[in-house]
$ cat my_file.csv   # CSV, N, CA and C atoms
chain,number,residue,atom,x,y,z
A,1,MET,N,0.9,-1.2,0.0
A,1,MET,CA,0.0,0.0,0.0
A,1,MET,C,0.9,1.2,0.0
A,2,ASP,N,0.6,2.2,-0.9
A,2,ASP,CA,1.5,3.3,-1.0
A,2,ASP,C,1.1,4.3,0.1
A,3,PRO,N,2.0,5.2,0.5
A,3,PRO,CA,1.8,6.1,1.6
A,3,PRO,C,0.5,7.0,1.5
A,4,SER,N,0.2,7.5,0.3
A,4,SER,CA,-0.9,8.4,0.1
A,4,SER,C,-2.2,7.7,0.4
A,5,SER,N,-2.4,6.4,-0.1
A,5,SER,CA,-3.6,5.7,0.2
A,5,SER,C,-3.7,5.4,1.7
A,6,SER,N,-2.6,5.2,2.3
A,6,SER,CA,-2.6,4.9,3.7
A,6,SER,C,-3.1,6.1,4.5
A,7,ALA,N,-2.6,7.3,4.1
A,7,ALA,CA,-3.0,8.5,4.7
A,7,ALA,C,-4.5,8.8,4.5
A,8,GLU,N,-5.0,8.5,3.3
A,8,GLU,CA,-6.4,8.6,2.9
A,8,GLU,C,-7.2,7.7,3.8
A,9,LEU,N,-6.8,6.5,3.9
A,9,LEU,CA,-7.5,5.5,4.7
A,9,LEU,C,-7.6,5.9,6.2
A,10,GLN,N,-6.5,6.4,6.7
A,10,GLN,CA,-6.4,6.9,8.1
A,10,GLN,C,-7.4,8.1,8.3
A,11,HIS,N,-7.4,9.0,7.3
A,11,HIS,CA,-8.4,10.1,7.3
A,11,HIS,C,-9.8,9.6,7.3
A,12,TYR,N,-10.1,8.7,6.5
A,12,TYR,CA,-11.4,8.1,6.4
A,12,TYR,C,-11.8,7.4,7.8
A,13,ILE,N,-10.9,6.7,8.3
A,13,ILE,CA,-11.2,6.0,9.6
A,13,ILE,C,-11.4,7.1,10.7
A,14,ASN,N,-10.6,8.1,10.7
A,14,ASN,CA,-10.8,9.2,11.7
A,14,ASN,C,-12.2,9.9,11.5
A,15,LYS,N,-12.6,10.1,10.3
A,15,LYS,CA,-13.9,10.7,10.0
A,15,LYS,C,-15.0,9.8,10.5
A,16,GLU,N,-14.9,8.5,10.3
A,16,GLU,CA,-15.9,7.5,10.7
A,16,GLU,C,-16.0,7.5,12.2
A,17,LYS,N,-14.8,7.6,12.9
A,17,LYS,CA,-14.8,7.6,14.4
A,17,LYS,C,-15.5,8.8,14.9
A,18,GLU,N,-15.3,9.9,14.2
A,18,GLU,CA,-16.0,11.2,14.6
A,18,GLU,C,-17.5,11.0,14.5
A,19,LYS,N,-17.9,10.5,13.4
A,19,LYS,CA,-19.4,10.3,13.1
A,19,LYS,C,-19.9,9.4,14.2
A,20,ALA,N,-19.2,8.3,14.6
A,20,ALA,CA,-19.7,7.4,15.6
A,20,ALA,C,-19.8,8.1,16.9
A,21,MET,N,-18.8,8.9,17.3
A,21,MET,CA,-18.8,9.6,18.5
A,21,MET,C,-20.0,10.6,18.6
A,22,VAL,N,-20.3,11.3,17.5
A,22,VAL,CA,-21.4,12.2,17.4
A,22,VAL,C,-22.7,11.4,17.6
A,23,ASN,N,-22.9,10.3,16.9
A,23,ASN,CA,-24.1,9.5,17.0
A,23,ASN,C,-24.3,9.0,18.4
A,24,GLU,N,-23.2,8.6,19.1
A,24,GLU,CA,-23.3,8.1,20.4
A,24,GLU,C,-23.7,9.2,21.4
A,25,MET,N,-23.1,10.4,21.1
A,25,MET,CA,-23.4,11.6,22.0
A,25,MET,C,-24.9,12.0,21.8
A,26,VAL,N,-25.4,12.0,20.6
A,26,VAL,CA,-26.8,12.3,20.4
A,26,VAL,C,-27.7,11.3,21.1
A,27,ALA,N,-27.4,10.0,21.0
A,27,ALA,CA,-28.2,8.9,21.6
A,27,ALA,C,-28.2,9.1,23.1
A,28,LYS,N,-27.0,9.4,23.7
A,28,LYS,CA,-26.9,9.6,25.1
A,28,LYS,C,-27.7,10.8,25.6
A,29,LEU,N,-27.5,11.9,24.8
A,29,LEU,CA,-28.3,13.1,25.1
A,29,LEU,C,-29.8,12.9,25.1
A,30,THR,N,-30.2,12.2,24.0
A,30,THR,CA,-31.7,11.9,23.9
A,30,THR,C,-32.2,11.1,25.1
A,31,SER,N,-31.4,10.1,25.4
A,31,SER,CA,-31.8,9.2,26.5
A,31,SER,C,-31.8,10.0,27.9
A,32,VAL,N,-30.8,10.7,28.2
A,32,VAL,CA,-30.7,11.4,29.4
A,32,VAL,C,-31.7,12.5,29.6
A,33,CYS,N,-31.9,13.3,28.5
A,33,CYS,CA,-32.9,14.4,28.6
A,33,CYS,C,-34.3,13.9,28.6
A,34,TRP,N,-34.6,12.8,27.8
A,34,TRP,CA,-35.9,12.3,27.8
A,34,TRP,C,-36.3,11.8,29.2
A,35,ASP,N,-35.4,11.0,29.8
A,35,ASP,CA,-35.7,10.5,31.1
A,35,ASP,C,-35.9,11.6,32.2
A,36,LYS,N,-35.1,12.6,32.0
A,36,LYS,CA,-35.2,13.7,33.0
A,36,LYS,C,-36.4,14.6,32.8
A,37,CYS,N,-36.8,14.8,31.5
A,37,CYS,CA,-37.9,15.8,31.2
A,37,CYS,C,-39.3,15.3,30.9
A,38,ILE,N,-39.3,14.1,30.4
A,38,ILE,CA,-40.6,13.6,30.0
A,38,ILE,C,-41.1,12.6,31.1
A,39,THR,N,-42.0,13.1,32.0
A,39,THR,CA,-42.3,12.3,33.2
A,39,THR,C,-43.6,11.6,33.0
A,40,SER,N,-44.4,11.9,31.9
A,40,SER,CA,-45.6,11.1,31.7
A,40,SER,C,-45.6,10.7,30.2
A,41,THR,N,-46.7,10.0,29.9
A,41,THR,CA,-46.8,9.5,28.5
A,41,THR,C,-47.0,10.7,27.6
A,42,PRO,N,-46.1,10.9,26.6
A,42,PRO,CA,-46.2,12.1,25.8
A,42,PRO,C,-47.4,12.1,24.9
A,43,GLY,N,-48.0,13.2,24.6
A,43,GLY,CA,-49.1,13.3,23.7
A,43,GLY,C,-48.6,13.6,22.3
A,44,SER,N,-49.4,14.3,21.5
A,44,SER,CA,-49.0,14.6,20.2
A,44,SER,C,-47.9,15.7,20.1
A,45,LYS,N,-47.8,16.4,21.2
A,45,LYS,CA,-46.7,17.4,21.3
A,45,LYS,C,-46.3,17.6,22.7
A,46,PHE,N,-45.1,18.2,23.0
A,46,PHE,CA,-44.6,18.4,24.3
A,46,PHE,C,-45.3,19.6,25.0
A,47,SER,N,-45.4,19.5,26.3
A,47,SER,CA,-45.9,20.7,27.0
A,47,SER,C,-44.8,21.8,27.0
A,48,SER,N,-45.2,23.0,27.3
A,48,SER,CA,-44.2,24.0,27.3
A,48,SER,C,-43.1,23.8,28.4
A,49,SER,N,-43.4,23.2,29.5
A,49,SER,CA,-42.4,22.9,30.5
A,49,SER,C,-41.5,21.7,30.0
A,50,GLU,N,-42.0,20.7,29.3
A,50,GLU,CA,-41.2,19.7,28.8
A,50,GLU,C,-40.3,20.2,27.7
A,51,SER,N,-40.8,21.1,26.8
A,51,SER,CA,-40.0,21.7,25.8
A,51,SER,C,-38.8,22.5,26.4
A,52,ALA,N,-39.1,23.3,27.4
A,52,ALA,CA,-38.1,24.1,28.1
A,52,ALA,C,-37.1,23.2,28.7
A,53,CYS,N,-37.5,22.2,29.4
A,53,CYS,CA,-36.6,21.2,30.1
A,53,CYS,C,-35.7,20.5,29.0
A,54,LEU,N,-36.3,20.0,27.9
A,54,LEU,CA,-35.5,19.4,26.9
A,54,LEU,C,-34.4,20.3,26.3
A,55,SER,N,-34.8,21.5,26.1
A,55,SER,CA,-33.9,22.5,25.5
A,55,SER,C,-32.8,22.8,26.5
A,56,ASN,N,-33.1,23.1,27.7
A,56,ASN,CA,-32.1,23.4,28.8
A,56,ASN,C,-31.2,22.2,29.0
A,57,CYS,N,-31.7,21.0,29.0
A,57,CYS,CA,-31.0,19.8,29.3
A,57,CYS,C,-30.0,19.6,28.1
A,58,ALA,N,-30.5,19.7,26.9
A,58,ALA,CA,-29.6,19.5,25.7
A,58,ALA,C,-28.5,20.6,25.7
A,59,GLN,N,-28.8,21.8,26.1
A,59,GLN,CA,-27.8,22.9,26.1
A,59,GLN,C,-26.7,22.6,27.1
A,60,ARG,N,-27.1,22.2,28.3
A,60,ARG,CA,-26.2,21.8,29.4
A,60,ARG,C,-25.3,20.7,29.0
A,61,TYR,N,-25.9,19.6,28.4
A,61,TYR,CA,-25.2,18.5,28.0
A,61,TYR,C,-24.1,18.8,26.9
A,62,LEU,N,-24.5,19.6,25.9
A,62,LEU,CA,-23.6,20.0,24.9
A,62,LEU,C,-22.5,20.9,25.5
A,63,ASP,N,-22.8,21.8,26.4
A,63,ASP,CA,-21.8,22.6,27.0
A,63,ASP,C,-20.8,21.8,27.8
A,64,MET,N,-21.3,20.8,28.5
A,64,MET,CA,-20.4,19.9,29.3
A,64,MET,C,-19.5,19.1,28.3
A,65,SER,N,-20.1,18.6,27.3
A,65,SER,CA,-19.3,17.8,26.3
A,65,SER,C,-18.2,18.7,25.7
A,66,LEU,N,-18.5,19.9,25.4
A,66,LEU,CA,-17.5,20.8,24.9
A,66,LEU,C,-16.3,21.1,25.9
A,67,ILE,N,-16.7,21.3,27.1
A,67,ILE,CA,-15.7,21.5,28.2
A,67,ILE,C,-14.8,20.3,28.3
A,68,ILE,N,-15.4,19.1,28.3
A,68,ILE,CA,-14.7,17.8,28.4
A,68,ILE,C,-13.7,17.6,27.2
A,69,MET,N,-14.2,17.9,26.0
A,69,MET,CA,-13.4,17.8,24.8
A,69,MET,C,-12.2,18.7,24.8
A,70,LYS,N,-12.5,20.0,25.3
A,70,LYS,CA,-11.4,20.9,25.4
A,70,LYS,C,-10.3,20.5,26.4
A,71,ARG,N,-10.8,19.9,27.5
A,71,ARG,CA,-9.9,19.4,28.5
A,71,ARG,C,-9.0,18.3,28.0
A,72,PHE,N,-9.6,17.4,27.3
A,72,PHE,CA,-8.9,16.3,26.7
A,72,PHE,C,-7.9,16.8,25.7
A,73,GLN,N,-8.3,17.8,24.8
A,73,GLN,CA,-7.4,18.3,23.8
A,73,GLN,C,-6.2,19.0,24.5
A,74,SER,N,-6.4,19.7,25.6
A,74,SER,CA,-5.3,20.4,26.3
A,74,SER,C,-4.4,19.4,27.0
A,75,MET,N,-5.0,18.3,27.5
A,75,MET,CA,-4.2,17.2,28.1
A,75,MET,C,-3.3,16.5,27.0
A,76,ASN,N,-3.9,16.3,25.8
A,76,ASN,CA,-3.2,15.6,24.7
A,76,ASN,C,-2.1,16.5,24.2
A,77,SER,N,-2.3,17.8,24.2
A,77,SER,CA,-1.3,18.7,23.6
A,77,SER,C,-0.1,18.9,24.6
A,78,MET,N,-0.3,18.5,25.8
A,78,MET,CA,0.8,18.6,26.8
A,78,MET,C,1.8,17.5,26.6
A,79,HIS,N,1.4,16.3,26.1
A,79,HIS,CA,2.3,15.2,25.9
A,79,HIS,C,3.1,15.3,24.7

$ encode --input "my_file.csv" --output "structure tokens"
Amino acid sequence: MDPSSSAELQHYINKEKEKAMVNEMVAKLTSVCWDKCITSTPGSKFSSSESACLSNCAQRYLDMSLIIMKRFQSMNSMH
């Protein structure tokens, strides 16, 4: 295998890993926020309090994920 195709393969693998991480994060976010905010059987649409809770939960989850990613990046750059 020549070096250029090896680099392309590595780039493809990294992109696929990123996609898998995003999918996993969305699934976790959905599960966590659903369990926290939807306390009864949902109807055809969410109540205003459920919508607000889901929005706040998702925002906090994404903020924390960003903080954790930045922490890992700074730890990795130290090595």

$ closest_residue --input "my_file.csv" --among "A:Glu18, A:Cys57, A:Tyr12, A:Leu66" --to "Cys37 (chain A)" --atoms "only C-alpha atoms"
A:Cys57

$ residues_around --input "my_file.csv" --residues "region 23-27 of chain A" --least-positions-apart "3" --cutoff "12 Å" --atoms "only C-alpha atoms" --output "JSON, numbers by chain"
{"A": [16, 17, 18, 19, 20, 30, 31, 32, 33, 34, 58, 61, 62, 64, 65, 66]}

$ select_by_dssp --input "my_file.csv" --residues "region 19-56 of chain A" --states "alpha helix (DSSP H)" --output "MDAnalysis selection string"
chainID A and resid 19:37 48:56

$ write_last_selection --input "my_file.csv" --atoms "N, CA and C atoms" --output "compact mmCIF listing (two decimals), in the coordinates of the input"
# COMPACT_ATOMS: atom_id res chain seq x y z
N LYS A 19 -17.90 10.50 13.40
CA LYS A 19 -19.40 10.30 13.10
C LYS A 19 -19.90 9.40 14.20
N ALA A 20 -19.20 8.30 14.60
CA ALA A 20 -19.70 7.40 15.60
C ALA A 20 -19.80 8.10 16.90
N MET A 21 -18.80 8.90 17.30
CA MET A 21 -18.80 9.60 18.50
C MET A 21 -20.00 10.60 18.60
N VAL A 22 -20.30 11.30 17.50
CA VAL A 22 -21.40 12.20 17.40
C VAL A 22 -22.70 11.40 17.60
N ASN A 23 -22.90 10.30 16.90
CA ASN A 23 -24.10 9.50 17.00
C ASN A 23 -24.30 9.00 18.40
N GLU A 24 -23.20 8.60 19.10
CA GLU A 24 -23.30 8.10 20.40
C GLU A 24 -23.70 9.20 21.40
N MET A 25 -23.10 10.40 21.10
CA MET A 25 -23.40 11.60 22.00
C MET A 25 -24.90 12.00 21.80
N VAL A 26 -25.40 12.00 20.60
CA VAL A 26 -26.80 12.30 20.40
C VAL A 26 -27.70 11.30 21.10
N ALA A 27 -27.40 10.00 21.00
CA ALA A 27 -28.20 8.90 21.60
C ALA A 27 -28.20 9.10 23.10
N LYS A 28 -27.00 9.40 23.70
CA LYS A 28 -26.90 9.60 25.10
C LYS A 28 -27.70 10.80 25.60
N LEU A 29 -27.50 11.90 24.80
CA LEU A 29 -28.30 13.10 25.10
C LEU A 29 -29.80 12.90 25.10
N THR A 30 -30.20 12.20 24.00
CA THR A 30 -31.70 11.90 23.90
C THR A 30 -32.20 11.10 25.10
N SER A 31 -31.40 10.10 25.40
CA SER A 31 -31.80 9.20 26.50
C SER A 31 -31.80 10.00 27.90
N VAL A 32 -30.80 10.70 28.20
CA VAL A 32 -30.70 11.40 29.40
C VAL A 32 -31.70 12.50 29.60
N CYS A 33 -31.90 13.30 28.50
CA CYS A 33 -32.90 14.40 28.60
C CYS A 33 -34.30 13.90 28.60
N TRP A 34 -34.60 12.80 27.80
CA TRP A 34 -35.90 12.30 27.80
C TRP A 34 -36.30 11.80 29.20
N ASP A 35 -35.40 11.00 29.80
CA ASP A 35 -35.70 10.50 31.10
C ASP A 35 -35.90 11.60 32.20
N LYS A 36 -35.10 12.60 32.00
CA LYS A 36 -35.20 13.70 33.00
C LYS A 36 -36.40 14.60 32.80
N CYS A 37 -36.80 14.80 31.50
CA CYS A 37 -37.90 15.80 31.20
C CYS A 37 -39.30 15.30 30.90
N SER A 48 -45.20 23.00 27.30
CA SER A 48 -44.20 24.00 27.30
C SER A 48 -43.10 23.80 28.40
N SER A 49 -43.40 23.20 29.50
CA SER A 49 -42.40 22.90 30.50
C SER A 49 -41.50 21.70 30.00
N GLU A 50 -42.00 20.70 29.30
CA GLU A 50 -41.20 19.70 28.80
C GLU A 50 -40.30 20.20 27.70
N SER A 51 -40.80 21.10 26.80
CA SER A 51 -40.00 21.70 25.80
C SER A 51 -38.80 22.50 26.40
N ALA A 52 -39.10 23.30 27.40
CA ALA A 52 -38.10 24.10 28.10
C ALA A 52 -37.10 23.20 28.70
N CYS A 53 -37.50 22.20 29.40
CA CYS A 53 -36.60 21.20 30.10
C CYS A 53 -35.70 20.50 29.00
N LEU A 54 -36.30 20.00 27.90
CA LEU A 54 -35.50 19.40 26.90
C LEU A 54 -34.40 20.30 26.30
N SER A 55 -34.80 21.50 26.10
CA SER A 55 -33.90 22.50 25.50
C SER A 55 -32.80 22.80 26.50
N ASN A 56 -33.10 23.10 27.70
CA ASN A 56 -32.10 23.40 28.80
C ASN A 56 -31.20 22.20 29.00

$ atom_distance --input "my_file.csv" --atom1 "CA of Arg60 (chain A)" --atom2 "atom C of Gln73 (chain A)"
20.8 Å

$ atom_distance --input "my_file.csv" --atom1 "CA of Ile38 (chain A)" --atom2 "CA of Ala52 (chain A)"
11.0 Å

$ atom_distance --input "my_file.csv" --atom1 "CA of Ser49 (chain A)" --atom2 "CA of Ile68 (chain A)"
28.2 Å
